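Here's the structure we're looking at; comments come further down.
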Amino acid sequence: MALFALVDCNNFYVSCERVFDPKLEGKPVVVLSNNDGIVVARSNEAKALGIGMGVPEFQIRHLIRRHDVQVFSSNYTLYGDMSQRVMETLAQFTPNLEVYSIDEAFLSLSGFTSRDLTEYGRTIKATVKRWTGIPVSVGIAETKTLAKVAGRVAKRSIGAAGVFDLTVCQDRNALLALTPVEDIWGIGRNWARLLKQHGITTALSLREADVHWVRGTMGVVGERLVRELHGVSCLALDDCPPPKQGITVSRSFGRSVTTLAEMKEAVAFYTGRAAEKLREERLAVTVLTVFLTTNTFKDEPQYSNAATIKLPVATDSTFDMLRHALHGVERIYRDGYRYKKAGVMLTALVPASQVQGDLFDQQDRERSRTLMRVLDRLNDHMGAGTLRYAAEGITKRWQARFERRSPAYTTRWEELPVAKVS
DNA sequence: TCTGGGGTCCTAGGACCC
DNA sequence: TCTGGGGTCCTAGGACCC
């Protein structure tokens with residue numbers, strides 16, 4: 001029988017901030033998205049105040065002021081590093097580990113059935129807390145979907161204290177009946193609405209729904225989900241993820257961009273970042289898309305467009321990508337609009353080691369590769385942006401704001417936390 | 001004044017081929 | 001009257017995830 005544990009970091013970004021600033025413990029804390037736009041993580045105290053996920057910051061200012069909510073800009077360098085520490089800790093417990101997202105992992109526990117799994121879950125939870133400072137909850141069940149349900153119980157039930165094993169649960173049906181459909185992994189807003197229209201409101205009623213009807217309305221995804229709720233594992237542990245299919249870098253601007261020159265600077269910057277990620281994955285790109293858009297929330301003239309460029313030869317060189325990307329911007333940019341966002345997408349990726357040559361390719365690939373290697377190493381060691389392209393510009397007035405960002409405690413020497421003894 | 005960013009998978013429909 | 005059938009590939013769009 002298949003057996004999974006879902007390990008989920010509690011309020012992950014908030015917990016990362018708390019590790020380095022314990023005074024935040026017990027207080028309402030939120031972390032904001034890029035550009036300090038919306039709420040992306042809340043402490044339990046912040047949730048209790050009614051602060052929703054994805055709510056724009058300006059809509060909750062009154063709550064922030066009244067309850068002295070601690071607000072942070074997101075610090076992805078810190079969260080990425082902390083995530084890696086958590087995942088390395090989990091890897092101590094099993095080689096069969098799927099890192100599902102920045103704050104979640106599935107562990108295969110097949111073959112562990114002779115143990116007391118709740119006890120094992122507690123050991124995992126305690127070890128992660130001790131080694132990284134991050135609190136997690138653990139859900140255990142025969143399928144990934146049920147492990148998610150178990151994880152939800154682990155988090156909410158006081159008795160569970162952060163660990164819940166569904167396989168030894170006395171009354172599984174009652175528990176599924178207490179799980180609203182919209183809280184099931186794989187059921188989003190649209191499907192929840194549709195299911196409710198048909199009287200399906202809980203995980204239990206979805207499990208008991210007619211499979212053919214589900215297949216007809218929700219396709220194979222829905223059918224798989226119903227089977228998973230029945231305890232039939234359809235989603236295997238994916239412990240060696242396939243190579244990325246696409247790389248996107250896009251940002252909202254800190255203030256509107258209204259000139260072609262500034263737009264080109266922003267796109268040059270995004271292209272540089274995308275190219276770095278591409279080289280990290282040892283991939284090369286064959287299709288590059290540039291897009292830009294005005295602010296759809298505003299009542300003003302709207303325009304958005306994209307240029308897709310098929311490259312003659314797959315490349316991982318920032319210079320190649322810059323040339324095409326900037327040409328793309330020139331093609332789609334229209335004067336007279338206030339732009340809010342732009343981005344670069346790299347698709348149709350191939351392994352960098354297998355790039356197809358081109359008879360008419362005049363460039364010295366080897367030289368450009370050496371240059372890129374030097375550039376990446378330098379930026380890696382000396383800090384991002386140490387060496388960058390003239391096309392990115394100097395002023396960067398378009399750059400997003402992070403006004404309340406915590407220090408990069410774990411990844412920059414000059415921002416290391418200091419312990420003072422008095 | 002102020003509304004994120006980066007992904008995956010599935011499906012339907014059209015083009016094209018034999 | 002009556003205009004094949006089946007496969008593949010690609011793309012756009014819709015759903016979802018964190």
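Ordered as shown in the structure tokens, chains take letters A, B, and onward, while each chain numbers its residues from 1 and ligands are numbered from 1 in the order shown.
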
Which residues of chain A come within 8 Å of chain C, and for each one, what is the closest pair of atoms and their distance in Å to one decimal, counting only C-alpha atoms (C1' of nucleotides), sorted by chain and residue number, as JSON lines?
{"residue": "A:Ser101", "atom": "CA", "partner": "C:DC18", "partner_atom": "C1'", "distance": 6.4}
{"residue": "A:Ile102", "atom": "CA", "partner": "C:DC18", "partner_atom": "C1'", "distance": 7.7}
{"residue": "A:Gly186", "atom": "CA", "partner": "C:DC16", "partner_atom": "C1'", "distance": 5.9}
{"residue": "A:Ile187", "atom": "CA", "partner": "C:DC16", "partner_atom": "C1'", "distance": 7.3}
{"residue": "A:Gly188", "atom": "CA", "partner": "C:DC16", "partner_atom": "C1'", "distance": 6.4}

* Just list the residues in segment 306-411 of chain A DSSP gives alpha helix (DSSP H) on the backbone, as an MDAnalysis selection string. => chainID A and resid 318:332 365:382

For the residues in the current selection, export N, CA and C atoms as a compact mmCIF listing (two decimals), in the first residue's frame.
# COMPACT_ATOMS: atom_id res chain seq x y z
N THR A 318 23.20 35.78 -22.35
CA THR A 318 22.40 36.96 -22.06
C THR A 318 22.43 37.93 -23.24
N PHE A 319 23.58 38.05 -23.88
CA PHE A 319 23.70 39.01 -25.00
C PHE A 319 22.73 38.67 -26.12
N ASP A 320 22.68 37.40 -26.50
CA ASP A 320 21.75 36.97 -27.55
C ASP A 320 20.31 37.32 -27.17
N MET A 321 19.97 36.93 -25.92
CA MET A 321 18.59 37.13 -25.48
C MET A 321 18.24 38.61 -25.42
N LEU A 322 19.19 39.44 -24.94
CA LEU A 322 18.95 40.88 -24.86
C LEU A 322 18.62 41.47 -26.22
N ARG A 323 19.40 41.09 -27.21
CA ARG A 323 19.21 41.62 -28.56
C ARG A 323 17.77 41.35 -29.04
N HIS A 324 17.34 40.11 -28.90
CA HIS A 324 16.00 39.76 -29.38
C HIS A 324 14.92 40.38 -28.52
N ALA A 325 15.13 40.39 -27.22
CA ALA A 325 14.11 40.92 -26.32
C ALA A 325 13.89 42.41 -26.58
N LEU A 326 14.98 43.15 -26.74
CA LEU A 326 14.84 44.60 -26.94
C LEU A 326 14.20 44.90 -28.29
N HIS A 327 14.52 44.09 -29.27
CA HIS A 327 13.86 44.23 -30.56
C HIS A 327 12.37 43.98 -30.43
N GLY A 328 12.03 42.96 -29.63
CA GLY A 328 10.62 42.66 -29.37
C GLY A 328 9.90 43.83 -28.72
N VAL A 329 10.54 44.45 -27.74
CA VAL A 329 9.92 45.62 -27.07
C VAL A 329 9.63 46.71 -28.09
N GLU A 330 10.60 46.98 -28.96
CA GLU A 330 10.40 48.04 -29.95
C GLU A 330 9.20 47.75 -30.84
N ARG A 331 8.98 46.49 -31.11
CA ARG A 331 7.87 46.12 -31.99
C ARG A 331 6.52 46.36 -31.34
N ILE A 332 6.40 46.08 -30.02
CA ILE A 332 5.07 46.13 -29.42
C ILE A 332 4.80 47.39 -28.59
N ARG A 365 30.73 30.73 -29.96
CA ARG A 365 29.95 30.23 -28.81
C ARG A 365 30.81 30.02 -27.58
N GLU A 366 32.00 29.51 -27.78
CA GLU A 366 32.84 29.15 -26.65
C GLU A 366 33.21 30.40 -25.84
N ARG A 367 33.52 31.45 -26.55
CA ARG A 367 33.90 32.70 -25.89
C ARG A 367 32.75 33.26 -25.09
N SER A 368 31.58 33.25 -25.69
CA SER A 368 30.42 33.82 -25.01
C SER A 368 30.08 32.99 -23.77
N ARG A 369 30.28 31.68 -23.87
CA ARG A 369 30.00 30.83 -22.73
C ARG A 369 30.93 31.13 -21.56
N THR A 370 32.21 31.31 -21.87
CA THR A 370 33.19 31.65 -20.83
C THR A 370 32.82 32.96 -20.16
N LEU A 371 32.42 33.92 -20.95
CA LEU A 371 32.04 35.23 -20.41
C LEU A 371 30.86 35.10 -19.44
N MET A 372 29.87 34.30 -19.84
CA MET A 372 28.68 34.12 -19.00
C MET A 372 29.05 33.44 -17.68
N ARG A 373 30.01 32.51 -17.76
CA ARG A 373 30.41 31.79 -16.56
C ARG A 373 31.05 32.76 -15.57
N VAL A 374 31.90 33.61 -16.08
CA VAL A 374 32.58 34.60 -15.24
C VAL A 374 31.54 35.52 -14.60
N LEU A 375 30.60 35.98 -15.41
CA LEU A 375 29.58 36.90 -14.94
C LEU A 375 28.75 36.27 -13.82
N ASP A 376 28.30 35.03 -14.03
CA ASP A 376 27.48 34.36 -13.02
C ASP A 376 28.24 34.15 -11.72
N ARG A 377 29.50 33.73 -11.84
CA ARG A 377 30.29 33.48 -10.63
C ARG A 377 30.49 34.74 -9.83
N LEU A 378 30.82 35.80 -10.54
CA LEU A 378 31.07 37.08 -9.88
C LEU A 378 29.82 37.54 -9.13
N ASN A 379 28.68 37.48 -9.79
CA ASN A 379 27.45 37.93 -9.15
C ASN A 379 27.05 37.02 -8.01
N ASP A 380 27.39 35.75 -8.13
CA ASP A 380 27.07 34.80 -7.08
C ASP A 380 27.90 35.09 -5.83
N HIS A 381 29.19 35.39 -6.03
CA HIS A 381 30.07 35.60 -4.88
C HIS A 381 30.01 37.00 -4.32
N MET A 382 29.90 37.98 -5.19
CA MET A 382 29.99 39.37 -4.73
C MET A 382 28.61 39.98 -4.51

* **All strand (DSSP E or B) residues (DSSP, backbone) inside segment 218-349 of chain A, as JSON, numbers by chain** => {"A": [246, 247, 248, 249, 250, 251, 252, 253, 254, 255, 256, 257, 283, 284, 285, 286, 287, 288, 289, 290, 291, 292, 293, 294, 304, 305, 306, 307, 308, 309, 310, 311, 312, 313, 314, 315, 339, 340, 341, 342, 343, 344, 345, 346, 347, 348, 349]}

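One distance worth recording is that between atom CA of Val138 of chain A and atom CA of Ser73 of chain A, which is 27.9 Å.
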
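The space separating atom CA of Asn75 of chain A from atom CA of Asn34 of chain A comes to 9.1 Å.
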
* To do: Would you kindly return, as a PyMOL selection string, each protein, DNA or RNA residue with an atom no farther than 9 Å from any atom of segment 251-266 of chain A, considering only C-alpha atoms (C1' of nucleotides) and excluding same-chain residues fewer than 2 positions away?
  => (chain A and resi 34-35+249+268-271+292+294-295+325-326+329-330+333-343+390-394+396-401) or (chain B and resi 4-5)

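Atom CA of Leu235 of chain A is positioned 20.8 Å from atom CA of Val153 of chain A.
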